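Input: a single structure, listed below in structure tokens.
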Amino acid sequence: ELHYPQRLNCAAELLDAAVERGAGERIAIIGEHENWTYAQLQQRVDRIAHVLRADLGLVTGNRVLLRGANNPMMAACLLAVLKAGLIAVPSMPLLRARELTAIVDKASVDAVLCAASLRGEIDAIAALPRHVLAFNDPDNPASLEAMMARHPVPFAAHASAADDVCLISFTSGTTGIPKGTMHFHRDVLAICDCFPRHTLAARADDIFIGTPPLAFTFGLGGLLLFPMRFSAAAVLLEKLTPDTLLAAIEKYRATVCFTAPTFYRQMAPLAANHDLSSLTRSVSAGEALPLATREAWQAATGLRMIDGIGATELLHIFISAAGDAIRPGATGKPVPGYHACILDANGLPVGPGVIGRLAVKGPTGCRYLADERQNDYVHDGWNLTGDAYEMDADGYFYYRSRTDDMIISAGYNIAGAEVEEVLLRHDAVAECGVIGRPCEERGQVVEAHVVLQPGFEPTEALAVQLQDFVKLQIAPYKYPRSLRFIDKLPRTETGKLQRFKLRAN
Ligand code: 3UK
């Protein structure tokens with residue numbers, strides 16, 4: 001059970017508290033061009049908070065859209081919005097004017113803080129909010145930096161209530177339409193006091209690194225909130241690739257890495273070129289972690305990966321396992337603080353070995369903006385995820401598929417992830433996505449979309465070889481009767497496969 005005071009400002013609790021406990025001179029943020037100590041970060045945050053309140057005249061509860069890649073100023077802006085008692089609405093860097101317009105409208109945005117390099121799509125919004133300020137733009141006299149220079153420190157944190165909304169986060173839109181979820185000040189602290197405290201055992205000498213954008217709660221937690229809660233350091237870099245992430249782990253001697261399974265899959269064969277001896281924990285989330293990827297990363301680095309399922313609705317990871325508790329193939333057990341169970345179609349709990357819908361209860365939970373799916377998603381404090389899961393007799397949870405991705409072919413239930421897992425073990429396969437293609441005779445047929453490793457040709461013979469490969473390893477009715485070669489899988493900015501796009505192909 002977590003208990004927080006009724007008056008609680010999460011940014012003050014993370015940042016000011018770190019300085020007060022003596023972390024002021026420790027490095028908080030490591031950027032491409034600069035490092036900031038906790039005291040330096042606090043000064044920036046306080047000046048930005050003054051700009052928001054004094055210059056823009058924003059008042060408690062106003063909503064501020066944030067747009068920027070992972071860099072120190074983006075982090076400072078986020079914290080300043082929270083500290084000033086405003087509501088942060090982070091947006092993914094690759095979004096276009098059309099999608100931003102929908103977010104500005106849906107979240108009733110009052111002001112925008114935008115990295116100068118990403119300003120174009122903001123200016124293309126027809127009904128722009130009253131205030132738009134650019135940052136990372138030091139030479140522009142109208143920039144946020146110029147305005148900051150005119151303000152003193154400190155800024156007294158707004159005395160928020162623990163259950164004031166401070167964050168509106170949009171889901172990745174794996175199924176097409178992003179949904180807004182609202183979170184309280186206490187939720188922001190609660191995620192810091194669950195997964196990183198108990199599963200990661202985060203410490204002050206940790207250096208966090210990874211790819212998820214701060215606009216995605218996976219990145220917001222892993223690359224900003226968690227490190228601050230433990231007086232640790234965060235490396236914030238833009239535009240990482242598997243190669244540059246490996247180089248950055250080596251350069252900054254990072255200890256904890258957060259990224260998606262595809263990144264680990266691509267990094268594994270390159271790992272031998274780098275000294276990764278500093279790394280002690282590698283966290284995979286966002287999508288199911290195939291066993292083949294876990295094994296490849298472990299063979300390359302000696303590290304046992306920490307898989308964890310999280311969701312924007314719940315803010316961060318709620319089922320996971322680390323160290324000796326890891327059971328390959330399973331996501332893990334509920335993170336201390338959370339409870340999970342599996343429900344049948346009638347909403348009743350099922351026992352071990354039965355696939356059903358995953359339900360989760362804990363200190364964080366979903367309130368949808370505009371009530372969109374509230375009643376479908378939350379029953380009695382239990383959040384119903386869109387995931388089909390199975391439990392074993394020891395209480396480990398195994399991912400099977402998204403509930404709406406379960407393939408039903410000739411009466412059989414087939415989880416695409418299981419077929420993908422087998423295909424990924426074939427030397428010719430770099431990446432793959434398996435879907436159900438509607439078919440008159442069988443209802444659906446299993447269809448694999450395969451990206452080949454360099455050096456392999458997309459021939460009919462190879463397709464047959466891959467189909468036979470699957471038939472030999474799992475029940476033959478699961479093999480992909482249809483197999484297509486493609487150059488690249490469609491993914492969201494958060495690294496998730498967009499199966500709906502494969503289905504539309
Ligand atoms: C899927 C996983 C299997 C699952 C997220 C960590 O992904 C995050 O949030 P989203 O709202 O998506 C949630 C959905 O993604 N998923 C995530 N992790 C796993 N499936 N194994 C996993 N390890 O379908 C879930 O319902 O974009 C992840 C932290 C914060 C997050 N927001």
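Chain labels run A, B, ... following the order of the structure tokens; each chain numbers its residues from 1, and ligands are numbered from 1 in the order shown.
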Using only C-alpha atoms, determine which residues lie at most 10 Å from Arg491 (chain A), disregarding the query and same-chain residues fewer than 6 positions distant; provide the list as number ranges by chain.
A: 174, 497-499, 501
Go ahead and write the selection's residues with C-alpha atoms as a PDB file, in the first residue's frame.
```
ATOM      1  CA  THR A 174      -2.010   0.572 -32.249  1.00  0.00           C
ATOM      2  CA  LEU A 497       3.564  -3.411 -34.972  1.00  0.00           C
ATOM      3  CA  GLN A 498       0.414  -2.004 -36.604  1.00  0.00           C
ATOM      4  CA  ARG A 499      -1.401  -5.222 -37.420  1.00  0.00           C
ATOM      5  CA  LYS A 501      -2.142  -2.066 -41.558  1.00  0.00           C
TER       6      LYS A 501
END
```
To test your reading of the structure, identify every residue in region 179-406 of chain A that backbone DSSP assigns to strand (DSSP E), and report it as a PyMOL selection string.
chain A and resi 180-184+207-210+233-236+256-259+281-284+306-310+317-320+333-334+339-343+356-361+367-368+378-379+382-391+397-402
May I have the residues within 9 Å of Pro334 (chain A) as an MDAnalysis selection string, using only C-alpha atoms and disregarding those fewer than 5 positions away in the same chain?
chainID A and resid 318:321 339:340 360 395:397
Return the single residue from A:Cys439, A:Leu315, A:Ala54, A:Leu8 that is closest to Thr217 (chain A), with distances computed using only C-alpha atoms.
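Nearest to Thr217 (chain A): A:Leu315.
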Report as a ChimeraX atom specification all protein, DNA and RNA residues lying within 6 Å of region 427-435 of chain A, evaluated on only C-alpha atoms, omitting residues in the same chain fewer than 6 positions from it.
/A:416,446-453
Write out as a Markdown table the residues of chain A that have any atom within 6 Å of an atom of ligand 1, one row each with the nearest atom pair and its distance in Å to one decimal, counting only C-alpha atoms and all ligand atoms, sorted by chain and then rising number.
```
| residue | atom | partner | partner_atom_place_in_ligand_line | distance |
| --- | --- | --- | --- | --- |
| A:Thr171 | CA | ligand 1 | 11 (O) | 4.7 |
| A:Ser172 | CA | ligand 1 | 27 (O) | 4.6 |
| A:Thr217 | CA | ligand 1 | 32 (N) | 4.7 |
| A:Phe218 | CA | ligand 1 | 30 (C) | 3.5 |
| A:Ala285 | CA | ligand 1 | 23 (N) | 4.2 |
| A:Gly286 | CA | ligand 1 | 7 (O) | 3.5 |
| A:Glu287 | CA | ligand 1 | 2 (C) | 3.9 |
| A:Ala288 | CA | ligand 1 | 3 (C) | 3.4 |
| A:Leu289 | CA | ligand 1 | 21 (N) | 6.0 |
| A:Asp307 | CA | ligand 1 | 23 (N) | 5.2 |
| A:Gly308 | CA | ligand 1 | 23 (N) | 4.2 |
| A:Ile309 | CA | ligand 1 | 18 (N) | 3.5 |
| A:Gly310 | CA | ligand 1 | 6 (C) | 3.6 |
| A:Ala311 | CA | ligand 1 | 9 (O) | 3.3 |
| A:Thr312 | CA | ligand 1 | 32 (N) | 3.7 |
| A:Leu315 | CA | ligand 1 | 32 (N) | 5.5 |
| A:His316 | CA | ligand 1 | 30 (C) | 3.8 |
| A:Ile317 | CA | ligand 1 | 29 (C) | 4.8 |
| A:Thr385 | CA | ligand 1 | 26 (O) | 5.3 |
| A:Gly386 | CA | ligand 1 | 26 (O) | 5.5 |
| A:Asp387 | CA | ligand 1 | 24 (O) | 5.4 |
| A:Tyr399 | CA | ligand 1 | 3 (C) | 5.7 |
| A:Arg402 | CA | ligand 1 | 24 (O) | 5.5 |
```
CA of Asn413 (chain A) to CA of Phe469 (chain A): how many Å, to one decimal?
20.2 Å
Of the listed residues A:Gly61, A:Pro227, A:Pro261, A:Gly411, that which approaches Ile191 (chain A) most closely, counting only C-alpha atoms
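Comparing A:Gly61, A:Pro227, A:Pro261, A:Gly411 against Ile191 (chain A), the winner is A:Pro227.
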Give me the residues near Glu99 (chain A) as a ChimeraX atom specification, where near means some atom within 10 Å (using only C-alpha atoms) and where sequence neighbours in that chain fewer than 6 positions away do not count.
/A:91-92,105,121,125,177-178
Rank nothing, just name the residue among A:Leu95, A:Glu441, A:Pro458, A:Ser277 nearest to Ala124 (chain A), using only C-alpha atoms.
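Ranking A:Leu95, A:Glu441, A:Pro458, A:Ser277 by distance to Ala124 (chain A), first place goes to A:Leu95.
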DSSP-assigned helix (DSSP H, G or I) among region 10-164 of chain A, expressed as a PyMOL selection string:
chain A and resi 10-23+38-55+72-83+97-106+116-123+144-148
7 Å contact set for Val51 (chain A), only C-alpha atoms, chain neighbours under 4 positions out, as a PyMOL selection string:
chain A and resi 47+55-56+147-148
Just to be explicit: take each residue in the selection above, keep C-alpha atoms, and write the result as a CSV table (one decimal), in the first residue's frame.
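Dumped everything to result21.csv:
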```csv
chain,number,residue,atom,x,y,z
A,47,ARG,CA,12.4,29.7,-14.6
A,55,ASP,CA,4.4,35.7,-18.8
A,56,LEU,CA,1.8,33.5,-20.3
A,147,MET,CA,12.1,34.7,-21.5
A,148,MET,CA,13.5,32.4,-18.9
```
Hey, can you check how far CA of Arg150 (chain A) sits from CA of Ala88 (chain A)?
23.3 Å
